[in-house]
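Enquirer: Dropping the structure in here first, questions after.
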Amino acid sequence: MTAEVGRAPGTVGPGARHERDGWRHRHVLDVDDFTLDEIELVMATAAEMKEILARPIKKVPTLRGTSVTIIFWEASTRTRVSFEVAAKNLSADVVNIAAQASSVAKGESLVDTIRTIEALGADMIVMRHAISGAPYLAAEHFGGHILNGGDGWHAHPTQALLDLYTMRERLPEGSVAGRKVVILGDVLHSRVARSNIWTLTKSGADLWLCGPSTLLRGFERWAGATIPGSARFTVTSDIDRALDGADVIMALRIQKERQESGLLPPLREYTARFALTRERLRRAHPEALVMHPGPMNEGLEIMPDVATGAQSVITDQVTNGVAVRMALLFLVSGVRDVE
Amino acid sequence: MTAEVGRAPGTVGPGARHERDGWRHRHVLDVDDFTLDEIELVMATAAEMKEILARPIKKVPTLRGTSVTIIFWEASTRTRVSFEVAAKNLSADVVNIAAQASSVAKGESLVDTIRTIEALGADMIVMRHAISGAPYLAAEHFGGHILNGGDGWHAHPTQALLDLYTMRERLPEGSVAGRKVVILGDVLHSRVARSNIWTLTKSGADLWLCGPSTLLRGFERWAGATIPGSARFTVTSDIDRALDGADVIMALRIQKERQESGLLPPLREYTARFALTRERLRRAHPEALVMHPGPMNEGLEIMPDVATGAQSVITDQVTNGVAVRMALLFLVSGVRDVE
Amino acid sequence: MTAEVGRAPGTVGPGARHERDGWRHRHVLDVDDFTLDEIELVMATAAEMKEILARPIKKVPTLRGTSVTIIFWEASTRTRVSFEVAAKNLSADVVNIAAQASSVAKGESLVDTIRTIEALGADMIVMRHAISGAPYLAAEHFGGHILNGGDGWHAHPTQALLDLYTMRERLPEGSVAGRKVVILGDVLHSRVARSNIWTLTKSGADLWLCGPSTLLRGFERWAGATIPGSARFTVTSDIDRALDGADVIMALRIQKERQESGLLPPLREYTARFALTRERLRRAHPEALVMHPGPMNEGLEIMPDVATGAQSVITDQVTNGVAVRMALLFLVSGVRDVE
């Protein structure tokens, strides 16, 4: 049943509505504590949301009267706007706050800000913060629902879920189970990679992490340990071996400002050794999916012809991001019916 | 009749609606020219608005089609968002403009900006400006309604009204008359203090201003003068005397960037002598209210356990701020019925 | 029939609706390829929109469900807000993105941003960009509609159309044909001037460009060439000759930050020689219109008494800007009926 969800959204009927009873998260802080059933529920609900996005008027009154505050302490375009569009599509009221990192130097100030937003009437807070764990602190002090839009290097749960949705939508049989999925690049600093590791291993993917060894530090140990209820994954700097027969390749953004850390090789060297080029892509399955969380440095970690080529599903990721976030806003709300 | 308003909002019926005939302000620039009846009208209307905030869907169509532009030349989160939420709760259309101080160096430019906002179709402008009196200049050139969200050191009328509302909601008999209210801290640079002085003395409170003598300059003279129709207030640097038996203590924000002015004592010394601590609070009435306009420097002018303790009504202030601003937007609009 | 449009908007009936069949632009990138009929169609539709702006509730459901993203890489208040108000008046959903110039250093990045905005669900993009031609690049990669809110020195089509609308609304017989229109100031760096040249010469105005010769460079040649289907225009640094008997004088903004380029004369000298003063205005027709695209440097390129005098239509320009942008959003949408 599960496998069909991504493939044939039209089949999601009253049964899916019933499944919502299985939802037990007040917040979406990370995906590490999501069960397989919960992941399925998100996928099925997102499929319903995609049906709404296909209509001429993409708006449903589901969350009318719900107040959503979006506060990002780190700059963002796509994630912030994606949440804003998702909330507005559900008819929620959206308030945007552009926070400066400086105004929350101390933990107390973050808590004070969260309490203030609650007192202003917010039912949900979507937040991004440079400090890993900040949304957990926020959740302890907020009576409503926190949705994590990325915290430090730690987690980016909505990205991992939209990535999974995109893979299932495109892979044969609508499942990542047994598929070779390669995450390529600066894994060390990537919250996108960390959250994807949880959803992909839990879903039974054959997961490979590949990049310069300095940017894989600590992951060998994680791969070696047994994560309860999940498969292990492979960590390598051998890109040829990683790409060989791959079904999905997800290139991560290289953050140039990290150059100074000494962990990144010179950019030209990085591109020579690890960029996703047309030549390298030939090692993968002929219909392998090319993914990237964006924004891309085209010509650095991914070549423009690959980014916009026939195998790229990068813009699908963006569109699916709106559907997945609509699904999560809806699920945490406790509202029973989409329409 | 007055005393009941804050206590029993449910009793505000058609009579309150009738009272609205008494409203004569096109703008809300300061509270210094509000009569006691007008203050009562704001309180009664805010009580009606709080009823709306208690509903599952906090939205009424009262100001549908009214266009509200919020332009803040100084950074702000809580006041800006509070006005935005208040306007949206009343179904007004809101446009946010993030102005840079630099773009209004000259008086003419401020006027030009106001004229432009009017020509763009705004019915109301909510503004904050670093220059005292800026909203008065704006009001001379705007055909609609100006609401002052804070101007220089001069005035912050909506803050004073939400403070008064919060005190009345919590004080026995719903009145500040005869109650000892202490404003504590950097009174000199505080528009919050200045506006509170007007509403509190007019309402018959026993008002005390307390802080380092450099930060009380000029207020002794003001206290000595007779403000027509209002009681005088006490100015002191003796915090023990100020807190003794107090019914309300409002700690002001210390603006660290003012350190250079030479008026502020070293921060550690300030905290030692004037911070609102649990020990100091014991001098006050056992059920004294703890208030702060926010954002707080916890550990500097107020201790975290006091800020979040049982006597704190700081988050009530934030919530009441939305209700009071809804009331003021409604009252200036001239619309007769809330619903 | 055309001439009446600006004068008697009430006469625009079902006939105007029929004319919409003549609209063939998917985007609004510049006015250089607008036919006279298309310009008339914009004027007639804007007149309908002005009727809507005159109502107590300025909102029509015309673009309900249409998603408009406004992304400005250059700072702006009036144009950005004007588009936002225009879109909201038509009940479109608006998303604002404050882009930093740095994030689109490379052409690829601009394209990537546009693709992302499309994938997020935008039907229309309103954009301003420092690089001339950027909206054309965007239009090649966007499946929806691009509206140019100003690109480099190149074009500002909505400004030129609102300027034309304002002239026709105020000039006798509602036409610029044969009228002497003077554009005064820093023509060289002005996208406003460039777009106005197209609409004004095409409409048969007697167009004069006037300013310091360093700020008119290249325009003599343009004036000398025959622009197909349009009249030529006069280029001069002789302000007395330019203003003599003028029907319209449009002063351009002097961008002080251009001082360093060496092209601008010292500001005091500029003001002495080219500022629009009350004395200079006397050379023009006694009822000549005074215009300025804003924001003004009052006292530099235009004197305050002239800017706010009886002949000024500067705030009309702002109001008409909302109507013209409503018209353009409506026309590109392909929706047939305003209401």
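Chain labels A, B, ... are given in the sequence in which chains occur in the structure tokens; within each chain residues are numbered consecutively from 1, and ligands are likewise numbered from 1 in the order shown.
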Could you pull the residues within 9 Å of C:Val318, counting only C-alpha atoms, minus those fewer than 2 positions along the same chain, as a list in words?
Expert: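 Result of the neighbour search: Thr116, Ile117, Ala119 and Leu120 of chain B; Arg78, Thr79, Ser82, Leu162, Pro293, Gly294, Ile314, Thr315, Asp316, Asn320, Gly321 and Val322 of chain C.
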Enquirer: Write out the residues from the selection above, keeping C-alpha atoms, as a PDB file, in the first residue's frame.
Expert:
```pdb
ATOM      1  CA  THR B 116       3.501  58.825  -1.084  1.00  0.00           C
ATOM      2  CA  ILE B 117       1.994  56.270   1.299  1.00  0.00           C
ATOM      3  CA  ALA B 119      -1.236  58.316  -2.591  1.00  0.00           C
ATOM      4  CA  LEU B 120      -0.652  54.541  -2.616  1.00  0.00           C
TER       5      LEU B 120
ATOM      6  CA  ARG C  78       7.263  53.111  -3.809  1.00  0.00           C
ATOM      7  CA  THR C  79       7.473  50.766  -6.783  1.00  0.00           C
ATOM      8  CA  SER C  82       2.723  49.994  -5.491  1.00  0.00           C
ATOM      9  CA  LEU C 162       1.802  55.723 -15.267  1.00  0.00           C
ATOM     10  CA  PRO C 293       9.146  59.818 -10.412  1.00  0.00           C
ATOM     11  CA  GLY C 294      10.243  60.048  -6.762  1.00  0.00           C
ATOM     12  CA  ILE C 314       3.457  64.087  -8.271  1.00  0.00           C
ATOM     13  CA  THR C 315       1.054  62.376  -5.874  1.00  0.00           C
ATOM     14  CA  ASP C 316      -1.292  61.694  -8.809  1.00  0.00           C
ATOM     15  CA  ASN C 320      -2.083  56.289 -10.985  1.00  0.00           C
ATOM     16  CA  GLY C 321       0.848  53.915 -10.557  1.00  0.00           C
ATOM     17  CA  VAL C 322      -1.383  51.578  -8.560  1.00  0.00           C
TER      18      VAL C 322
END
```
Enquirer: Wanna dump the chain C-chain B contacts at 10 Å for me, each residue with its shortest atom pair and the distance in Å to one decimal, counting only C-alpha atoms, ordered by chain and number, as a Markdown table?
Expert:
```
| residue | atom | partner | partner_atom | distance |
| --- | --- | --- | --- | --- |
| C:Leu53 | CA | B:Gly121 | CA | 8.1 |
| C:Ala54 | CA | B:Gly121 | CA | 9.9 |
| C:Arg55 | CA | B:Gly65 | CA | 9.7 |
| C:Pro56 | CA | B:Gly65 | CA | 7.3 |
| C:Ile57 | CA | B:Gly65 | CA | 4.6 |
| C:Lys58 | CA | B:Gly65 | CA | 6.4 |
| C:Lys59 | CA | B:Gly65 | CA | 6.8 |
| C:Ser76 | CA | B:Ile97 | CA | 9.8 |
| C:Thr77 | CA | B:Ile97 | CA | 7.2 |
| C:Arg78 | CA | B:Thr116 | CA | 7.4 |
| C:Thr79 | CA | B:Leu120 | CA | 9.9 |
| C:Arg80 | CA | B:Ile97 | CA | 9.7 |
| C:Val81 | CA | B:Val95 | CA | 7.5 |
| C:Ser82 | CA | B:Leu120 | CA | 6.4 |
| C:Phe83 | CA | B:Leu120 | CA | 9.8 |
| C:Glu84 | CA | B:Val95 | CA | 8.0 |
| C:Val85 | CA | B:Leu120 | CA | 7.5 |
| C:Ala86 | CA | B:Leu120 | CA | 9.1 |
| C:Lys88 | CA | B:Asp93 | CA | 8.3 |
| C:Asn89 | CA | B:Gly65 | CA | 9.2 |
| C:Gly294 | CA | B:Thr116 | CA | 8.9 |
| C:Pro295 | CA | B:Asp112 | CA | 7.8 |
| C:Met296 | CA | B:Ser109 | CA | 7.7 |
| C:Asn297 | CA | B:Ser109 | CA | 7.8 |
| C:Glu298 | CA | B:Glu108 | CA | 7.1 |
| C:Gly299 | CA | B:Glu108 | CA | 9.5 |
| C:Pro304 | CA | B:Glu108 | CA | 8.1 |
| C:Ala307 | CA | B:Asp112 | CA | 9.7 |
| C:Thr308 | CA | B:Asp112 | CA | 9.6 |
| C:Ile314 | CA | B:Thr116 | CA | 8.9 |
| C:Thr315 | CA | B:Ala119 | CA | 5.7 |
| C:Asp316 | CA | B:Ala119 | CA | 7.1 |
| C:Gln317 | CA | B:Ala119 | CA | 8.4 |
| C:Val318 | CA | B:Ala119 | CA | 5.6 |
| C:Thr319 | CA | B:Ala119 | CA | 4.9 |
| C:Asn320 | CA | B:Leu120 | CA | 8.7 |
| C:Gly321 | CA | B:Leu120 | CA | 8.1 |
| C:Val322 | CA | B:Leu120 | CA | 6.7 |
| C:Ala323 | CA | B:Leu120 | CA | 9.7 |
```
Enquirer: For the selection just defined, write its residues with N, CA and C atoms to a file, as a CSV table (one decimal), in the first residue's frame.
Expert:
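Result written to again.csv:
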```
chain,number,residue,atom,x,y,z
C,53,LEU,N,-10.5,52.0,-7.4
C,53,LEU,CA,-9.7,52.7,-6.4
C,53,LEU,C,-10.6,53.8,-5.7
C,54,ALA,N,-11.6,54.3,-6.4
C,54,ALA,CA,-12.4,55.3,-5.9
C,54,ALA,C,-13.5,54.8,-4.9
C,55,ARG,N,-13.6,53.5,-4.9
C,55,ARG,CA,-14.7,52.9,-4.0
C,55,ARG,C,-14.3,52.8,-2.6
C,56,PRO,N,-15.2,52.7,-1.7
C,56,PRO,CA,-14.9,52.5,-0.2
C,56,PRO,C,-14.0,51.3,0.0
C,57,ILE,N,-14.4,50.2,-0.7
C,57,ILE,CA,-13.6,48.9,-0.6
C,57,ILE,C,-13.0,48.7,-1.9
C,58,LYS,N,-11.6,48.9,-1.9
C,58,LYS,CA,-10.9,49.0,-3.2
C,58,LYS,C,-10.5,47.6,-3.7
C,59,LYS,N,-11.2,46.6,-3.4
C,59,LYS,CA,-10.8,45.2,-3.7
C,59,LYS,C,-11.8,44.5,-4.6
C,76,SER,N,13.8,49.6,-2.9
C,76,SER,CA,12.7,50.4,-3.4
C,76,SER,C,11.6,50.5,-2.4
C,77,THR,N,10.9,51.6,-2.3
C,77,THR,CA,9.7,51.6,-1.5
C,77,THR,C,8.5,51.7,-2.4
C,78,ARG,N,8.5,52.8,-3.2
C,78,ARG,CA,7.3,53.1,-3.8
C,78,ARG,C,6.9,52.1,-4.9
C,79,THR,N,7.8,51.7,-5.7
C,79,THR,CA,7.5,50.8,-6.8
C,79,THR,C,7.1,49.4,-6.2
C,80,ARG,N,7.9,48.9,-5.2
C,80,ARG,CA,7.5,47.6,-4.6
C,80,ARG,C,6.2,47.6,-4.0
C,81,VAL,N,5.9,48.7,-3.2
C,81,VAL,CA,4.6,48.7,-2.5
C,81,VAL,C,3.5,49.0,-3.4
C,82,SER,N,3.8,49.7,-4.5
C,82,SER,CA,2.7,50.0,-5.5
C,82,SER,C,2.3,48.7,-6.1
C,83,PHE,N,3.2,47.8,-6.5
C,83,PHE,CA,2.9,46.5,-7.1
C,83,PHE,C,2.2,45.7,-6.1
C,84,GLU,N,2.6,45.7,-4.8
C,84,GLU,CA,2.0,44.9,-3.8
C,84,GLU,C,0.5,45.3,-3.6
C,85,VAL,N,0.3,46.6,-3.5
C,85,VAL,CA,-1.0,47.1,-3.3
C,85,VAL,C,-1.9,46.8,-4.5
C,86,ALA,N,-1.3,46.9,-5.7
C,86,ALA,CA,-2.1,46.6,-6.9
C,86,ALA,C,-2.5,45.2,-7.0
C,88,LYS,N,-2.7,43.1,-4.4
C,88,LYS,CA,-3.7,42.8,-3.3
C,88,LYS,C,-5.1,43.3,-3.7
C,89,ASN,N,-5.1,44.5,-4.3
C,89,ASN,CA,-6.4,45.1,-4.7
C,89,ASN,C,-7.2,44.1,-5.7
C,294,GLY,N,10.0,60.3,-8.2
C,294,GLY,CA,10.2,60.0,-6.8
C,294,GLY,C,11.3,59.0,-6.6
C,295,PRO,N,11.9,58.8,-5.4
C,295,PRO,CA,11.8,59.8,-4.3
C,295,PRO,C,12.6,61.1,-4.6
C,296,MET,N,12.0,62.2,-4.2
C,296,MET,CA,12.6,63.5,-4.5
C,296,MET,C,13.7,63.9,-3.6
C,297,ASN,N,14.7,64.6,-4.1
C,297,ASN,CA,15.6,65.4,-3.3
C,297,ASN,C,15.1,66.8,-3.3
C,298,GLU,N,14.2,67.2,-2.5
C,298,GLU,CA,13.7,68.5,-2.5
C,298,GLU,C,14.8,69.5,-2.2
C,299,GLY,N,14.9,70.5,-2.9
C,299,GLY,CA,16.0,71.5,-2.8
C,299,GLY,C,17.2,71.2,-3.6
C,304,PRO,N,11.0,72.7,-3.0
C,304,PRO,CA,9.8,72.2,-2.3
C,304,PRO,C,8.5,72.9,-2.7
C,307,ALA,N,7.4,71.4,-5.9
C,307,ALA,CA,7.0,70.0,-5.7
C,307,ALA,C,5.6,69.8,-5.2
C,308,THR,N,5.2,70.8,-4.3
C,308,THR,CA,3.9,70.7,-3.7
C,308,THR,C,3.0,71.8,-4.1
C,314,ILE,N,2.5,65.1,-8.7
C,314,ILE,CA,3.5,64.1,-8.3
C,314,ILE,C,2.7,63.0,-7.5
C,315,THR,N,1.8,63.4,-6.6
C,315,THR,CA,1.1,62.4,-5.9
C,315,THR,C,0.0,61.7,-6.8
C,316,ASP,N,-0.4,62.4,-7.8
C,316,ASP,CA,-1.3,61.7,-8.8
C,316,ASP,C,-0.5,60.6,-9.5
C,317,GLN,N,0.8,60.8,-9.8
C,317,GLN,CA,1.6,59.8,-10.4
C,317,GLN,C,1.6,58.5,-9.5
C,318,VAL,N,1.7,58.7,-8.2
C,318,VAL,CA,1.8,57.6,-7.3
C,318,VAL,C,0.4,56.8,-7.3
C,319,THR,N,-0.7,57.5,-7.2
C,319,THR,CA,-2.0,56.9,-7.2
C,319,THR,C,-2.2,56.2,-8.6
C,320,ASN,N,-1.9,56.9,-9.7
C,320,ASN,CA,-2.1,56.3,-11.0
C,320,ASN,C,-1.2,55.1,-11.2
C,321,GLY,N,0.0,55.1,-10.5
C,321,GLY,CA,0.8,53.9,-10.6
C,321,GLY,C,0.2,52.6,-10.1
C,322,VAL,N,-0.6,52.7,-9.0
C,322,VAL,CA,-1.4,51.6,-8.6
C,322,VAL,C,-2.4,51.1,-9.6
C,323,ALA,N,-3.1,52.1,-10.2
C,323,ALA,CA,-4.1,51.7,-11.2
C,323,ALA,C,-3.4,51.1,-12.5
```
Enquirer: Which residues are close to B:Met43, i.e. within 10 Å by only C-alpha atoms, leaving aside same-chain residues fewer than 2 positions away? Reply as a list in words.
Expert: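 So the residues in contact are Thr2, Val5, Gly6, Pro9, Asp37, Glu38, Ile39, Glu40, Leu41, Thr45, Ala46, Ala47, Glu48, Met49, Leu161, Leu162, Leu164, Tyr165, Thr166, Arg168, Glu169, Ala323, Val324, Ala327 and Leu328 of chain B.
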Enquirer: Using only C-alpha atoms, which protein or nucleic acid residues come within 6 Å of stretch 185-200 of chain B? Drop anything in the same chain fewer than 4 positions from it, and give the result as a ChimeraX atom specification.
Expert: /B:32,153-157,160,205,211,215-216,252
Enquirer: Give me a file of those residues, with all heavy atoms, as a short mmCIF file (atom, residue, chain, number, x, y, z; two decimals), in the first residue's frame.
Expert:
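Result went into selection29.cif, see below:
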```cif
data_model
loop_
_atom_site.label_atom_id
_atom_site.label_comp_id
_atom_site.auth_asym_id
_atom_site.auth_seq_id
_atom_site.Cartn_x
_atom_site.Cartn_y
_atom_site.Cartn_z
N ASP B 32 -1.21 62.24 26.18
CA ASP B 32 -1.26 63.41 27.06
C ASP B 32 -2.56 64.21 26.92
O ASP B 32 -2.92 64.95 27.83
CB ASP B 32 -0.02 64.31 26.86
CG ASP B 32 0.11 64.81 25.43
OD1 ASP B 32 -0.71 64.41 24.58
OD2 ASP B 32 1.05 65.55 25.15
N TRP B 153 12.43 59.77 22.38
CA TRP B 153 12.21 59.57 23.82
C TRP B 153 10.82 60.03 24.23
O TRP B 153 10.46 59.98 25.40
CB TRP B 153 13.20 60.41 24.65
CG TRP B 153 14.64 60.17 24.39
CD1 TRP B 153 15.19 59.23 23.57
CD2 TRP B 153 15.72 60.87 24.99
NE1 TRP B 153 16.55 59.30 23.62
CE2 TRP B 153 16.91 60.31 24.49
CE3 TRP B 153 15.81 61.92 25.92
CZ2 TRP B 153 18.17 60.76 24.87
CZ3 TRP B 153 17.07 62.38 26.29
CH2 TRP B 153 18.24 61.80 25.77
N HIS B 154 10.05 60.50 23.24
CA HIS B 154 8.85 61.26 23.55
C HIS B 154 7.66 60.46 24.04
O HIS B 154 7.19 60.66 25.17
CB HIS B 154 8.45 62.07 22.31
CG HIS B 154 7.14 62.74 22.45
ND1 HIS B 154 6.04 62.38 21.71
CD2 HIS B 154 6.73 63.73 23.29
CE1 HIS B 154 5.02 63.14 22.07
NE2 HIS B 154 5.41 63.96 23.03
N ALA B 155 7.15 59.55 23.22
CA ALA B 155 5.88 58.92 23.57
C ALA B 155 5.76 57.53 22.96
O ALA B 155 6.33 57.24 21.90
CB ALA B 155 4.71 59.78 23.09
N HIS B 156 5.01 56.68 23.64
CA HIS B 156 4.68 55.35 23.14
C HIS B 156 3.28 55.06 23.66
O HIS B 156 3.07 54.24 24.56
CB HIS B 156 5.71 54.35 23.68
CG HIS B 156 5.70 53.03 22.97
ND1 HIS B 156 4.68 52.63 22.15
CD2 HIS B 156 6.60 52.02 22.95
CE1 HIS B 156 4.96 51.43 21.66
NE2 HIS B 156 6.11 51.04 22.12
N PRO B 157 2.30 55.77 23.07
CA PRO B 157 0.96 55.77 23.67
C PRO B 157 0.32 54.38 23.75
O PRO B 157 -0.35 54.08 24.75
CB PRO B 157 0.16 56.72 22.76
CG PRO B 157 0.94 56.81 21.49
CD PRO B 157 2.37 56.64 21.88
N ALA B 160 1.56 52.53 26.81
CA ALA B 160 1.00 53.01 28.08
C ALA B 160 -0.42 52.50 28.26
O ALA B 160 -0.83 52.14 29.37
CB ALA B 160 1.03 54.54 28.11
N ALA B 205 -3.16 56.98 40.02
CA ALA B 205 -2.19 56.09 40.65
C ALA B 205 -1.22 56.89 41.53
O ALA B 205 -1.01 58.09 41.30
CB ALA B 205 -1.41 55.32 39.59
N GLY B 211 15.40 55.19 39.89
CA GLY B 211 16.56 54.81 39.09
C GLY B 211 17.75 55.63 39.51
O GLY B 211 17.64 56.46 40.43
N LEU B 215 19.62 59.21 35.50
CA LEU B 215 18.59 58.74 34.58
C LEU B 215 17.19 59.21 34.99
O LEU B 215 16.18 58.71 34.49
CB LEU B 215 18.64 57.21 34.47
CG LEU B 215 19.97 56.64 33.94
CD1 LEU B 215 19.93 55.12 33.91
CD2 LEU B 215 20.29 57.19 32.55
N LEU B 216 17.18 60.18 35.92
CA LEU B 216 15.89 60.74 36.36
C LEU B 216 15.85 62.24 36.11
O LEU B 216 14.88 62.91 36.47
CB LEU B 216 15.68 60.47 37.86
CG LEU B 216 15.48 59.02 38.28
CD1 LEU B 216 15.51 58.92 39.80
CD2 LEU B 216 14.17 58.47 37.73
N LEU B 252 12.17 48.94 33.38
CA LEU B 252 12.42 49.39 32.00
C LEU B 252 13.64 48.70 31.43
O LEU B 252 14.53 48.28 32.16
CB LEU B 252 12.62 50.90 31.97
CG LEU B 252 11.46 51.76 32.45
CD1 LEU B 252 11.89 53.23 32.44
CD2 LEU B 252 10.23 51.57 31.56
#
```
Enquirer: Can you tell me which residues surround B:Tyr270 at a distance of at most 12 Å, considering only C-alpha atoms, apart from same-chain residues fewer than 4 positions away, and format the answer as a CSV table (one decimal) with N, CA and C atoms, in the first residue's frame?
Expert:
```csv
chain,number,residue,atom,x,y,z
B,184,LEU,N,10.8,51.7,37.1
B,184,LEU,CA,12.1,51.4,37.6
B,184,LEU,C,13.2,51.4,36.5
B,185,GLY,N,14.2,52.2,36.5
B,185,GLY,CA,15.3,52.1,35.5
B,185,GLY,C,15.6,53.4,34.8
B,186,ASP,N,15.9,53.2,33.5
B,186,ASP,CA,16.3,54.3,32.7
B,186,ASP,C,15.2,55.2,32.2
B,211,GLY,N,15.4,55.2,39.9
B,211,GLY,CA,16.6,54.8,39.1
B,211,GLY,C,17.7,55.6,39.5
B,212,PRO,N,18.9,55.4,38.9
B,212,PRO,CA,20.1,56.3,39.1
B,212,PRO,C,19.7,57.7,38.9
B,213,SER,N,20.2,58.6,39.7
B,213,SER,CA,19.8,60.0,39.6
B,213,SER,C,20.1,60.6,38.2
B,214,THR,N,21.2,60.1,37.5
B,214,THR,CA,21.5,60.6,36.2
B,214,THR,C,20.4,60.3,35.2
B,215,LEU,N,19.6,59.2,35.5
B,215,LEU,CA,18.6,58.7,34.6
B,215,LEU,C,17.2,59.2,35.0
B,237,SER,N,15.9,57.9,44.0
B,237,SER,CA,16.9,56.9,43.7
B,237,SER,C,17.0,55.9,44.8
B,239,ILE,N,15.7,52.8,46.1
B,239,ILE,CA,14.9,51.7,45.6
B,239,ILE,C,14.1,51.0,46.7
B,253,ARG,N,13.7,48.6,30.1
B,253,ARG,CA,14.9,48.1,29.4
B,253,ARG,C,16.1,49.0,29.6
B,254,ILE,N,17.2,48.4,29.9
B,254,ILE,CA,18.5,49.2,29.9
B,254,ILE,C,19.0,49.0,28.5
B,255,GLN,N,19.2,50.1,27.8
B,255,GLN,CA,19.8,50.0,26.4
B,255,GLN,C,21.3,50.2,26.5
B,256,LYS,N,21.9,49.0,26.3
B,256,LYS,CA,23.4,48.9,26.6
B,256,LYS,C,24.1,49.9,25.7
B,259,GLN,N,25.5,53.1,27.1
B,259,GLN,CA,26.6,53.1,28.0
B,259,GLN,C,27.6,54.3,27.7
B,263,LEU,N,25.9,58.5,31.1
B,263,LEU,CA,24.8,58.7,32.0
B,263,LEU,C,24.5,57.4,32.8
B,264,LEU,N,24.8,56.3,32.1
B,264,LEU,CA,24.5,55.0,32.7
B,264,LEU,C,25.7,54.6,33.6
B,265,PRO,N,25.4,54.0,34.8
B,265,PRO,CA,26.4,53.5,35.6
B,265,PRO,C,26.9,52.2,34.9
B,266,PRO,N,28.1,51.7,35.3
B,266,PRO,CA,28.6,50.4,34.7
B,266,PRO,C,27.5,49.4,34.9
B,274,PHE,N,19.9,48.3,41.1
B,274,PHE,CA,18.6,48.6,40.7
B,274,PHE,C,17.9,47.4,40.0
B,275,ALA,N,18.6,46.3,39.8
B,275,ALA,CA,17.9,45.2,39.2
B,275,ALA,C,16.7,44.7,40.0
B,276,LEU,N,15.6,44.3,39.4
B,276,LEU,CA,14.5,43.7,40.1
B,276,LEU,C,14.8,42.3,40.4
B,299,GLY,N,18.7,39.3,33.8
B,299,GLY,CA,20.0,39.3,34.5
B,299,GLY,C,20.6,40.6,34.6
B,300,LEU,N,20.1,41.6,33.8
B,300,LEU,CA,20.6,43.0,33.9
B,300,LEU,C,19.6,43.8,34.7
B,301,GLU,N,18.5,44.2,34.1
B,301,GLU,CA,17.5,45.0,34.9
B,301,GLU,C,16.4,44.2,35.6
B,302,ILE,N,16.3,42.9,35.2
B,302,ILE,CA,15.4,42.1,35.9
B,302,ILE,C,15.9,40.6,35.9
```
Enquirer: Could you tell me how far atom CA of A:Val42 lies from atom CA of A:His292, in Å and to one decimal?
Expert: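 For atom CA of A:Val42 relative to atom CA of A:His292, the distance reads 21.0 Å.
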Enquirer: Kindly give the distance, in Å, that separates atom CA of C:Leu110 and atom CA of C:Arg325, rounded to a single decimal.
Expert: 23.8 Å
